[in-house]
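coords.cif (mmCIF, C-alpha atoms)
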data_target
loop_
_atom_site.group_PDB
_atom_site.id
_atom_site.type_symbol
_atom_site.label_atom_id
_atom_site.label_comp_id
_atom_site.auth_asym_id
_atom_site.auth_seq_id
_atom_site.Cartn_x
_atom_site.Cartn_y
_atom_site.Cartn_z
ATOM 1 C CA THR A 27 63.107 233.155 -79.106
ATOM 2 C CA PHE A 28 62.160 233.634 -75.438
ATOM 3 C CA LEU A 29 65.250 231.818 -74.131
ATOM 4 C CA ILE A 30 67.759 233.216 -76.632
ATOM 5 C CA ALA A 31 66.505 236.809 -76.491
ATOM 6 C CA GLY A 32 66.287 236.734 -72.711
ATOM 7 C CA HIS A 33 69.806 235.370 -72.392
ATOM 8 C CA GLU A 34 71.383 237.968 -74.673
ATOM 9 C CA THR A 35 69.537 241.006 -73.335
ATOM 10 C CA THR A 36 69.722 240.141 -69.632
ATOM 11 C CA SER A 37 73.448 239.425 -69.813
ATOM 12 C CA GLY A 38 73.953 242.810 -71.488
ATOM 13 C CA LEU A 39 71.894 244.509 -68.765
ATOM 14 C CA LEU A 40 73.992 242.837 -66.056
ATOM 15 C CA SER A 41 77.214 243.856 -67.826
ATOM 16 C CA PHE A 42 76.163 247.508 -68.008
ATOM 17 C CA ALA A 43 74.981 247.437 -64.379
ATOM 18 C CA CYS A 44 78.339 245.998 -63.239
ATOM 19 C CA TYR A 45 80.126 248.683 -65.262
ATOM 20 C CA PHE A 46 78.148 251.444 -63.559
ATOM 21 C CA LEU A 47 78.708 249.876 -60.128
ATOM 22 C CA VAL A 48 82.502 249.710 -60.472
ATOM 23 C CA LYS A 49 82.536 253.313 -61.686
ATOM 24 C CA ASN A 50 80.285 254.461 -58.796
ATOM 25 C CA PRO A 51 81.528 252.847 -55.554
ATOM 26 C CA ASP A 52 79.101 254.895 -53.443
ATOM 27 C CA ILE A 53 76.178 253.374 -55.345
ATOM 28 C CA PHE A 54 77.744 249.907 -55.012
ATOM 29 C CA GLN A 55 77.913 250.404 -51.231
ATOM 30 C CA LYS A 56 74.312 251.562 -51.052
ATOM 31 C CA ALA A 57 73.262 248.467 -53.031
ATOM 32 C CA ARG A 58 75.292 246.230 -50.705
ATOM 33 C CA ILE A 59 73.601 247.710 -47.630
ATOM 34 C CA GLU A 60 70.210 246.902 -49.168
ATOM 35 C CA VAL A 61 71.279 243.382 -50.184
ATOM 36 C CA ASP A 62 72.652 242.629 -46.691
ATOM 37 C CA ARG A 63 69.454 243.887 -45.085
ATOM 38 C CA VAL A 64 67.147 241.940 -47.406
ATOM 39 C CA PHE A 65 69.092 238.689 -47.816
ATOM 40 C CA GLY A 66 70.267 238.577 -44.193
ATOM 41 C CA PRO A 67 73.598 237.481 -42.701
ATOM 42 C CA ASP A 68 73.393 233.772 -43.638
ATOM 43 C CA ARG A 69 75.216 233.518 -46.955
ATOM 44 C CA ASP A 70 74.108 229.915 -47.391
ATOM 45 C CA ARG A 71 70.430 230.876 -47.366
ATOM 46 C CA LEU A 72 68.941 231.030 -50.834
ATOM 47 C CA PRO A 73 66.887 234.188 -51.383
ATOM 48 C CA GLU A 74 63.166 233.741 -51.824
ATOM 49 C CA PHE A 75 60.917 235.469 -54.329
ATOM 50 C CA ALA A 76 59.769 238.012 -51.733
ATOM 51 C CA ASP A 77 63.420 238.902 -51.031
ATOM 52 C CA VAL A 78 64.054 239.728 -54.669
ATOM 53 C CA LEU A 79 60.942 241.923 -54.805
ATOM 54 C CA ALA A 80 62.264 243.796 -51.745
ATOM 55 C CA LEU A 81 65.436 244.844 -53.612
ATOM 56 C CA LYS A 82 64.002 248.257 -54.511
ATOM 57 C CA TYR A 83 67.309 250.112 -54.908
ATOM 58 C CA MET A 84 68.723 247.231 -56.952
ATOM 59 C CA THR A 85 65.773 247.598 -59.314
ATOM 60 C CA GLN A 86 66.504 251.331 -59.572
ATOM 61 C CA ILE A 87 70.120 250.506 -60.539
ATOM 62 C CA LEU A 88 68.956 248.078 -63.206
ATOM 63 C CA LYS A 89 66.386 250.497 -64.630
ATOM 64 C CA GLU A 90 68.918 253.329 -64.747
ATOM 65 C CA SER A 91 71.354 251.004 -66.544
ATOM 66 C CA LEU A 92 68.601 250.212 -69.063
ATOM 67 C CA ARG A 93 67.775 253.889 -69.435
ATOM 68 C CA LEU A 94 71.319 254.817 -70.413
ATOM 69 C CA TRP A 95 72.108 251.686 -72.418
ATOM 70 C CA PRO A 96 68.988 249.706 -73.349
ATOM 71 C CA THR A 97 70.276 246.379 -74.627
ATOM 72 C CA ALA A 98 67.642 246.457 -77.383
ATOM 73 C CA PRO A 99 68.211 250.047 -78.555
ATOM 74 C CA GLY A 100 64.951 250.619 -80.393
ATOM 75 C CA PHE A 101 61.789 249.271 -81.919
ATOM 76 C CA SER A 102 59.584 250.196 -84.842
ATOM 77 C CA ARG A 103 55.892 250.626 -85.429
ATOM 78 C CA SER A 104 53.676 250.933 -88.498
ATOM 79 C CA PRO A 105 50.170 252.471 -88.408
ATOM 80 C CA LYS A 106 47.060 250.559 -89.456
ATOM 81 C CA GLU A 107 45.582 253.737 -90.963
ATOM 82 C CA PRO A 108 46.991 257.113 -92.082
ATOM 83 C CA THR A 109 48.256 258.895 -88.976
ATOM 84 C CA LEU A 110 49.604 262.355 -88.219
ATOM 85 C CA ILE A 111 52.262 262.375 -85.487
ATOM 86 C CA ALA A 112 52.735 265.564 -83.432
ATOM 87 C CA GLY A 113 50.446 267.390 -85.832
ATOM 88 C CA LYS A 114 53.061 267.496 -88.609
ATOM 89 C CA TYR A 115 54.429 264.062 -89.566
ATOM 90 C CA PRO A 116 52.110 262.050 -91.830
ATOM 91 C CA ILE A 117 52.666 258.279 -91.699
ATOM 92 C CA LYS A 118 50.925 255.856 -94.059
ATOM 93 C CA PRO A 119 50.122 252.193 -93.421
ATOM 94 C CA GLY A 120 53.171 250.091 -94.261
ATOM 95 C CA GLU A 121 55.616 252.897 -93.411
ATOM 96 C CA ARG A 122 57.709 252.288 -90.336
ATOM 97 C CA VAL A 123 58.584 254.655 -87.521
ATOM 98 C CA LEU A 124 61.734 253.831 -85.565
ATOM 99 C CA ILE A 125 61.752 254.674 -81.870
ATOM 100 C CA ALA A 126 65.406 255.246 -80.903
ATOM 101 C CA LEU A 127 65.571 254.554 -77.172
ATOM 102 C CA LEU A 128 69.009 256.135 -76.808
ATOM 103 C CA SER A 129 67.380 259.475 -77.660
ATOM 104 C CA LEU A 130 64.107 258.931 -75.792
ATOM 105 C CA HIS A 131 65.886 257.838 -72.606
ATOM 106 C CA ARG A 132 68.254 260.815 -72.621
ATOM 107 C CA ASP A 133 65.822 263.589 -73.498
ATOM 108 C CA PRO A 134 66.855 266.512 -71.238
ATOM 109 C CA LYS A 135 63.261 267.804 -71.174
ATOM 110 C CA VAL A 136 62.263 264.611 -69.343
ATOM 111 C CA TRP A 137 65.450 263.441 -67.603
ATOM 112 C CA GLY A 138 67.108 266.808 -66.858
ATOM 113 C CA GLU A 139 70.254 268.498 -68.103
ATOM 114 C CA ASN A 140 72.383 265.727 -66.572
ATOM 115 C CA SER A 141 70.540 263.040 -68.542
ATOM 116 C CA ASP A 142 73.829 261.351 -69.545
ATOM 117 C CA ASP A 143 74.788 260.761 -65.891
ATOM 118 C CA PHE A 144 74.120 257.508 -64.036
ATOM 119 C CA ASP A 145 71.697 258.231 -61.194
ATOM 120 C CA PRO A 146 69.469 255.422 -59.857
ATOM 121 C CA GLU A 147 67.441 258.017 -57.915
ATOM 122 C CA ARG A 148 65.697 258.803 -61.221
ATOM 123 C CA PHE A 149 63.718 255.628 -60.529
ATOM 124 C CA SER A 150 62.741 256.353 -56.952
ATOM 125 C CA PRO A 151 58.962 256.067 -56.500
ATOM 126 C CA GLU A 152 58.633 259.865 -56.324
ATOM 127 C CA ALA A 153 60.693 260.532 -59.469
ATOM 128 C CA SER A 154 58.921 257.778 -61.396
ATOM 129 C CA ARG A 155 55.484 259.213 -60.558
ATOM 130 C CA SER A 156 56.442 262.657 -61.841
ATOM 131 C CA ARG A 157 57.682 261.421 -65.244
ATOM 132 C CA PRO A 158 55.609 260.740 -68.369
ATOM 133 C CA GLU A 159 54.727 257.044 -68.421
ATOM 134 C CA ARG A 160 56.127 256.353 -71.887
ATOM 135 C CA ALA A 161 59.463 258.118 -71.384
ATOM 136 C CA PHE A 162 61.086 254.796 -70.379
ATOM 137 C CA ARG A 163 60.500 251.907 -72.785
ATOM 138 C CA PRO A 164 63.488 249.499 -72.707
ATOM 139 C CA PHE A 165 61.189 246.521 -73.308
ATOM 140 C CA GLY A 166 59.146 248.086 -76.094
ATOM 141 C CA THR A 167 55.524 249.078 -75.657
ATOM 142 C CA GLY A 168 51.985 247.942 -76.273
ATOM 143 C CA VAL A 169 50.994 244.416 -77.276
ATOM 144 C CA ARG A 170 54.418 243.879 -78.879
ATOM 145 C CA ALA A 171 56.344 244.668 -75.682
ATOM 146 C CA CYS A 172 58.817 242.057 -74.472
ATOM 147 C CA ILE A 173 56.966 239.092 -73.020
ATOM 148 C CA GLY A 174 59.848 238.399 -70.633
ATOM 149 C CA GLN A 175 60.332 241.841 -69.081
ATOM 150 C CA ASN A 176 59.187 240.891 -65.573
ATOM 151 C CA PHE A 177 61.189 237.675 -65.658
ATOM 152 C CA ALA A 178 64.282 239.572 -66.864
ATOM 153 C CA MET A 179 64.093 242.171 -64.089
ATOM 154 C CA ILE A 180 63.614 239.527 -61.382
ATOM 155 C CA GLU A 181 66.408 237.371 -62.788
ATOM 156 C CA ALA A 182 68.780 240.352 -63.054
ATOM 157 C CA ALA A 183 67.993 241.610 -59.530
ATOM 158 C CA LEU A 184 68.583 238.143 -58.068
ATOM 159 C CA ALA A 185 71.836 237.553 -59.972
ATOM 160 C CA LEU A 186 73.267 240.994 -59.229
ATOM 161 C CA GLY A 187 72.105 240.842 -55.619
ATOM 162 C CA LEU A 188 73.923 237.550 -55.045
ATOM 163 C CA LEU A 189 77.076 238.876 -56.700
ATOM 164 C CA ILE A 190 77.042 242.006 -54.546
ATOM 165 C CA ARG A 191 76.346 239.945 -51.428
ATOM 166 C CA ASP A 192 79.265 237.570 -51.977
ATOM 167 C CA PHE A 193 81.905 239.454 -53.971
ATOM 168 C CA ASP A 194 83.825 242.695 -54.314
ATOM 169 C CA PHE A 195 84.257 244.127 -57.822
ATOM 170 C CA GLU A 196 87.554 245.671 -58.923
ATOM 171 C CA ASP A 197 87.987 247.798 -62.041
ATOM 172 C CA TYR A 198 91.553 246.535 -62.446
ATOM 173 C CA GLU A 199 91.932 247.754 -66.054
ATOM 174 C CA SER A 200 90.414 251.239 -65.492
ATOM 175 C CA TYR A 201 87.965 250.300 -68.222
ATOM 176 C CA GLU A 202 86.627 253.000 -70.550
ATOM 177 C CA LEU A 203 83.177 252.224 -71.949
ATOM 178 C CA LYS A 204 83.151 251.003 -75.541
ATOM 179 C CA VAL A 205 79.623 250.038 -76.545
ATOM 180 C CA MET A 206 79.508 247.080 -78.912
ATOM 181 C CA GLU A 207 76.482 246.221 -81.008
ATOM 182 C CA THR A 208 75.902 242.668 -82.143
ATOM 183 C CA LEU A 209 72.357 241.393 -81.761
ATOM 184 C CA THR A 210 72.076 243.767 -78.770
ATOM 185 C CA LEU A 211 74.150 246.475 -77.075
ATOM 186 C CA LYS A 212 76.813 245.522 -74.520
ATOM 187 C CA PRO A 213 80.056 246.934 -73.131
ATOM 188 C CA GLY A 214 82.754 245.632 -75.474
ATOM 189 C CA GLY A 215 85.815 244.037 -73.861
ATOM 190 C CA PHE A 216 84.535 244.789 -70.360
ATOM 191 C CA ARG A 217 86.277 242.819 -67.627
ATOM 192 C CA ILE A 218 86.443 243.262 -63.890
ATOM 193 C CA LYS A 219 88.175 241.342 -61.141
ATOM 194 C CA VAL A 220 85.704 239.629 -58.825
ATOM 195 C CA LEU A 221 87.090 238.830 -55.375
ATOM 196 C CA PRO A 222 85.452 236.934 -52.521
ATOM 197 C CA ARG A 223 83.992 239.445 -50.108
ATOM 198 C CA ALA A 224 86.017 239.840 -46.934
#

Can you dump the structure from the file as C-alpha cells?
Amino acid sequence: TFLIAGHETTSGLLSFACYFLVKNPDIFQKARIEVDRVFGPDRDRLPEFADVLALKYMTQILKESLRLWPTAPGFSRSPKEPTLIAGKYPIKPGERVLIALLSLHRDPKVWGENSDDFDPERFSPEASRSRPERAFRPFGTGVRACIGQNFAMIEAALALGLLIRDFDFEDYESYELKVMETLTLKPGGFRIKVLPRA
C-alpha cells in the first residue's frame, strides 16, 4: 500500500505542479532562481537532503498544487460516540462524514475571494501562521493521516527541483485542464515538451 499509494499520489502532485508552472512562467522563473541558488552551478552534483529542505519556495508550489487539486480528494470519519458537529449536525457511531478537500481547500472565508487562483504565496511562513491549522489537509488528519506525507513532499521537491534545474517546459498544446479521476485525481491527457535547458 505504501509504495503503490505513494507512486500514484506523488505522480499526480508532480503533474499538477508542472501544469501550474507552465501556465505561470513567472512562478517557474522564481522557482528556477531558488533551485539554482540551492543546488549550485554544478549540474553533475547530486543534491543532498539539506538542499531539498532548503527549497522553501518549491515546497510552497507543491502545497499550493495540493490545495487546488489534492490527489486524494477527500477522506471520511466515523465517531466513536454520538457527536454534534457545529452545534446542529448529529452523527451516530457507524455513520460516516465525508470531508471533501476540494471544498475545504477553496473556502473563500479562509483562502480569500481568489481561492481558485494558483498562488504559492499562500504558503509563505507568514500566511501559513495566520490560517487555521486544519484548513489544509491533503494527507488526511489525525492518526489515520498518510504515513508517507513527509517522504512524498521531499521526493516531489527533489524531482521537481531537478527537472527545473535541467530542463525548460513548453506548453506546446496550449493544454486546458481536464481533471481525471481514477484511483486519484490527475490532469487528464496532460503533456508538455521538455527541452534541455540552454

**Message:** Since I can't run it myself right now, could you work out what the PyMOL selection byres ((chain A and resi 85-98) around 7) selects here and report it as a PyMOL selection string?
**Reply:** chain A and resi 35+38-39+42-43+81-84+99-100+128+131+144-147+149-150+162+164+183+210-212

**Item:** Test item: the PyMOL selection byres ((chain A and resi 102) around 12) resolved as a VMD selection string
**Value:** chain A and resid 98 to 101 103 to 105 120 to 127 166 to 168 170 to 171

**Message:** Selection in question (the file shown): the PyMOL selection byres ((chain A and resi 64-76) around 12). Which residues does it include, as a ChimeraX atom specification?
**Reply:** /A:57-63,77-84,177,180-181,183-185,187-193,223

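Going from CA of Glu107 in chain A over to CA of Gly174 in chain A, you cover 29.2 Å.
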
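Distances to Leu221 in chain A were evaluated for A:Trp137, A:Ala161, A:Cys172, A:Glu196 using all atoms listed in the file, and the minimum falls at A:Glu196.
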
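Atom pair CA of Val220 in chain A / CA of Asp142 in chain A has a distance of 27.0 Å (rounded to one decimal).
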
**Complete:** As a check of understanding: the span from CA of Pro222 in chain A to CA of Glu34 in chain A is 26.3 Å

**Fill in**
Between A:Glu199, A:Glu159, A:Glu152, A:Asp52, smallest distance to Val136 in chain A by only C-alpha atoms belongs to A:Glu159

**Message:** Here is a test: counting all atoms listed in the file, which residue of A:Ala224, A:Ala182, A:Ala153, A:Ile117 is nearest to Leu40 in chain A?
**Reply:** A:Ala182

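The nearest approach to Gly138 in chain A among the residues A:Lys106, A:Lys204, A:Arg157, A:Lys114, with all atoms listed in the file taken into account, belongs to A:Arg157.
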
Incomplete range 195-206 of chain A filled out to all heavy atoms as a PDB file, in the coordinates of the input:
ATOM      1  N   PHE A 195      83.922 243.916 -56.414  1.00  0.00           N
ATOM      2  CA  PHE A 195      84.257 244.127 -57.822  1.00  0.00           C
ATOM      3  C   PHE A 195      85.447 245.082 -57.885  1.00  0.00           C
ATOM      4  O   PHE A 195      85.478 246.084 -57.172  1.00  0.00           O
ATOM      5  CB  PHE A 195      83.106 244.771 -58.587  1.00  0.00           C
ATOM      6  CG  PHE A 195      81.821 243.981 -58.596  1.00  0.00           C
ATOM      7  CD1 PHE A 195      80.676 244.539 -59.157  1.00  0.00           C
ATOM      8  CD2 PHE A 195      81.724 242.705 -58.072  1.00  0.00           C
ATOM      9  CE1 PHE A 195      79.480 243.847 -59.187  1.00  0.00           C
ATOM     10  CE2 PHE A 195      80.530 241.998 -58.091  1.00  0.00           C
ATOM     11  CZ  PHE A 195      79.402 242.572 -58.662  1.00  0.00           C
ATOM     12  N   GLU A 196      86.397 244.793 -58.754  1.00  0.00           N
ATOM     13  CA  GLU A 196      87.554 245.671 -58.923  1.00  0.00           C
ATOM     14  C   GLU A 196      87.722 246.013 -60.395  1.00  0.00           C
ATOM     15  O   GLU A 196      87.822 245.134 -61.250  1.00  0.00           O
ATOM     16  CB  GLU A 196      88.815 244.976 -58.400  1.00  0.00           C
ATOM     17  CG  GLU A 196      90.041 245.853 -58.434  1.00  0.00           C
ATOM     18  CD  GLU A 196      91.279 245.114 -57.946  1.00  0.00           C
ATOM     19  OE1 GLU A 196      91.171 244.367 -56.956  1.00  0.00           O
ATOM     20  OE2 GLU A 196      92.336 245.283 -58.573  1.00  0.00           O
ATOM     21  N   ASP A 197      87.779 247.299 -60.675  1.00  0.00           N
ATOM     22  CA  ASP A 197      87.987 247.798 -62.041  1.00  0.00           C
ATOM     23  C   ASP A 197      89.496 247.818 -62.304  1.00  0.00           C
ATOM     24  O   ASP A 197      90.104 248.869 -62.421  1.00  0.00           O
ATOM     25  CB  ASP A 197      87.368 249.190 -62.177  1.00  0.00           C
ATOM     26  CG  ASP A 197      87.472 249.754 -63.581  1.00  0.00           C
ATOM     27  OD1 ASP A 197      87.705 248.984 -64.529  1.00  0.00           O
ATOM     28  OD2 ASP A 197      87.319 250.988 -63.727  1.00  0.00           O
ATOM     29  N   TYR A 198      90.087 246.647 -62.416  1.00  0.00           N
ATOM     30  CA  TYR A 198      91.553 246.535 -62.446  1.00  0.00           C
ATOM     31  C   TYR A 198      92.177 247.053 -63.735  1.00  0.00           C
ATOM     32  O   TYR A 198      93.373 247.316 -63.780  1.00  0.00           O
ATOM     33  CB  TYR A 198      91.975 245.079 -62.202  1.00  0.00           C
ATOM     34  CG  TYR A 198      91.743 244.148 -63.364  1.00  0.00           C
ATOM     35  CD1 TYR A 198      92.791 243.730 -64.177  1.00  0.00           C
ATOM     36  CD2 TYR A 198      90.467 243.680 -63.650  1.00  0.00           C
ATOM     37  CE1 TYR A 198      92.571 242.870 -65.235  1.00  0.00           C
ATOM     38  CE2 TYR A 198      90.242 242.831 -64.691  1.00  0.00           C
ATOM     39  CZ  TYR A 198      91.292 242.420 -65.493  1.00  0.00           C
ATOM     40  OH  TYR A 198      91.076 241.581 -66.544  1.00  0.00           O
ATOM     41  N   GLU A 199      91.394 247.236 -64.791  1.00  0.00           N
ATOM     42  CA  GLU A 199      91.932 247.754 -66.054  1.00  0.00           C
ATOM     43  C   GLU A 199      91.583 249.226 -66.274  1.00  0.00           C
ATOM     44  O   GLU A 199      91.904 249.770 -67.323  1.00  0.00           O
ATOM     45  CB  GLU A 199      91.390 246.946 -67.227  1.00  0.00           C
ATOM     46  CG  GLU A 199      91.868 245.512 -67.270  1.00  0.00           C
ATOM     47  CD  GLU A 199      91.379 244.780 -68.513  1.00  0.00           C
ATOM     48  OE1 GLU A 199      90.206 244.959 -68.888  1.00  0.00           O
ATOM     49  OE2 GLU A 199      92.179 244.032 -69.088  1.00  0.00           O
ATOM     50  N   SER A 200      90.921 249.869 -65.304  1.00  0.00           N
ATOM     51  CA  SER A 200      90.414 251.239 -65.492  1.00  0.00           C
ATOM     52  C   SER A 200      89.663 251.334 -66.827  1.00  0.00           C
ATOM     53  O   SER A 200      89.955 252.171 -67.678  1.00  0.00           O
ATOM     54  CB  SER A 200      91.550 252.254 -65.438  1.00  0.00           C
ATOM     55  OG  SER A 200      92.168 252.221 -64.177  1.00  0.00           O
ATOM     56  N   TYR A 201      88.700 250.472 -66.967  1.00  0.00           N
ATOM     57  CA  TYR A 201      87.965 250.300 -68.222  1.00  0.00           C
ATOM     58  C   TYR A 201      87.257 251.585 -68.648  1.00  0.00           C
ATOM     59  O   TYR A 201      86.625 252.253 -67.841  1.00  0.00           O
ATOM     60  CB  TYR A 201      86.945 249.174 -68.047  1.00  0.00           C
ATOM     61  CG  TYR A 201      86.043 248.957 -69.230  1.00  0.00           C
ATOM     62  CD1 TYR A 201      86.483 248.254 -70.351  1.00  0.00           C
ATOM     63  CD2 TYR A 201      84.738 249.457 -69.245  1.00  0.00           C
ATOM     64  CE1 TYR A 201      85.652 248.048 -71.438  1.00  0.00           C
ATOM     65  CE2 TYR A 201      83.905 249.253 -70.332  1.00  0.00           C
ATOM     66  CZ  TYR A 201      84.368 248.548 -71.424  1.00  0.00           C
ATOM     67  OH  TYR A 201      83.550 248.357 -72.500  1.00  0.00           O
ATOM     68  N   GLU A 202      87.377 251.901 -69.933  1.00  0.00           N
ATOM     69  CA  GLU A 202      86.627 253.000 -70.550  1.00  0.00           C
ATOM     70  C   GLU A 202      85.537 252.381 -71.421  1.00  0.00           C
ATOM     71  O   GLU A 202      85.821 251.489 -72.232  1.00  0.00           O
ATOM     72  CB  GLU A 202      87.540 253.872 -71.416  1.00  0.00           C
ATOM     73  CG  GLU A 202      88.594 254.640 -70.625  1.00  0.00           C
ATOM     74  CD  GLU A 202      88.000 255.699 -69.718  1.00  0.00           C
ATOM     75  OE1 GLU A 202      86.966 256.301 -70.088  1.00  0.00           O
ATOM     76  OE2 GLU A 202      88.549 255.903 -68.631  1.00  0.00           O
ATOM     77  N   LEU A 203      84.313 252.838 -71.272  1.00  0.00           N
ATOM     78  CA  LEU A 203      83.177 252.224 -71.949  1.00  0.00           C
ATOM     79  C   LEU A 203      83.317 252.296 -73.466  1.00  0.00           C
ATOM     80  O   LEU A 203      83.508 253.367 -74.035  1.00  0.00           O
ATOM     81  CB  LEU A 203      81.871 252.899 -71.509  1.00  0.00           C
ATOM     82  CG  LEU A 203      80.594 252.295 -72.073  1.00  0.00           C
ATOM     83  CD1 LEU A 203      80.434 250.838 -71.639  1.00  0.00           C
ATOM     84  CD2 LEU A 203      79.388 253.113 -71.637  1.00  0.00           C
ATOM     85  N   LYS A 204      83.206 251.134 -74.087  1.00  0.00           N
ATOM     86  CA  LYS A 204      83.151 251.003 -75.541  1.00  0.00           C
ATOM     87  C   LYS A 204      81.921 250.147 -75.834  1.00  0.00           C
ATOM     88  O   LYS A 204      81.935 248.934 -75.601  1.00  0.00           O
ATOM     89  CB  LYS A 204      84.413 250.319 -76.081  1.00  0.00           C
ATOM     90  CG  LYS A 204      85.683 251.094 -75.853  1.00  0.00           C
ATOM     91  CD  LYS A 204      86.904 250.360 -76.365  1.00  0.00           C
ATOM     92  CE  LYS A 204      87.423 249.284 -75.455  1.00  0.00           C
ATOM     93  NZ  LYS A 204      87.890 249.690 -74.155  1.00  0.00           N
ATOM     94  N   VAL A 205      80.864 250.771 -76.302  1.00  0.00           N
ATOM     95  CA  VAL A 205      79.623 250.038 -76.545  1.00  0.00           C
ATOM     96  C   VAL A 205      79.745 249.263 -77.851  1.00  0.00           C
ATOM     97  O   VAL A 205      80.130 249.806 -78.885  1.00  0.00           O
ATOM     98  CB  VAL A 205      78.412 250.991 -76.580  1.00  0.00           C
ATOM     99  CG1 VAL A 205      77.140 250.235 -76.921  1.00  0.00           C
ATOM    100  CG2 VAL A 205      78.265 251.687 -75.239  1.00  0.00           C
ATOM    101  N   MET A 206      79.434 247.968 -77.762  1.00  0.00           N
ATOM    102  CA  MET A 206      79.508 247.080 -78.912  1.00  0.00           C
ATOM    103  C   MET A 206      78.076 246.676 -79.269  1.00  0.00           C
ATOM    104  O   MET A 206      77.259 246.399 -78.384  1.00  0.00           O
ATOM    105  CB  MET A 206      80.333 245.847 -78.512  1.00  0.00           C
ATOM    106  CG  MET A 206      80.496 244.829 -79.598  1.00  0.00           C
ATOM    107  SD  MET A 206      81.641 243.523 -79.080  1.00  0.00           S
ATOM    108  CE  MET A 206      80.551 242.545 -78.065  1.00  0.00           C
TER     109      MET A 206
END
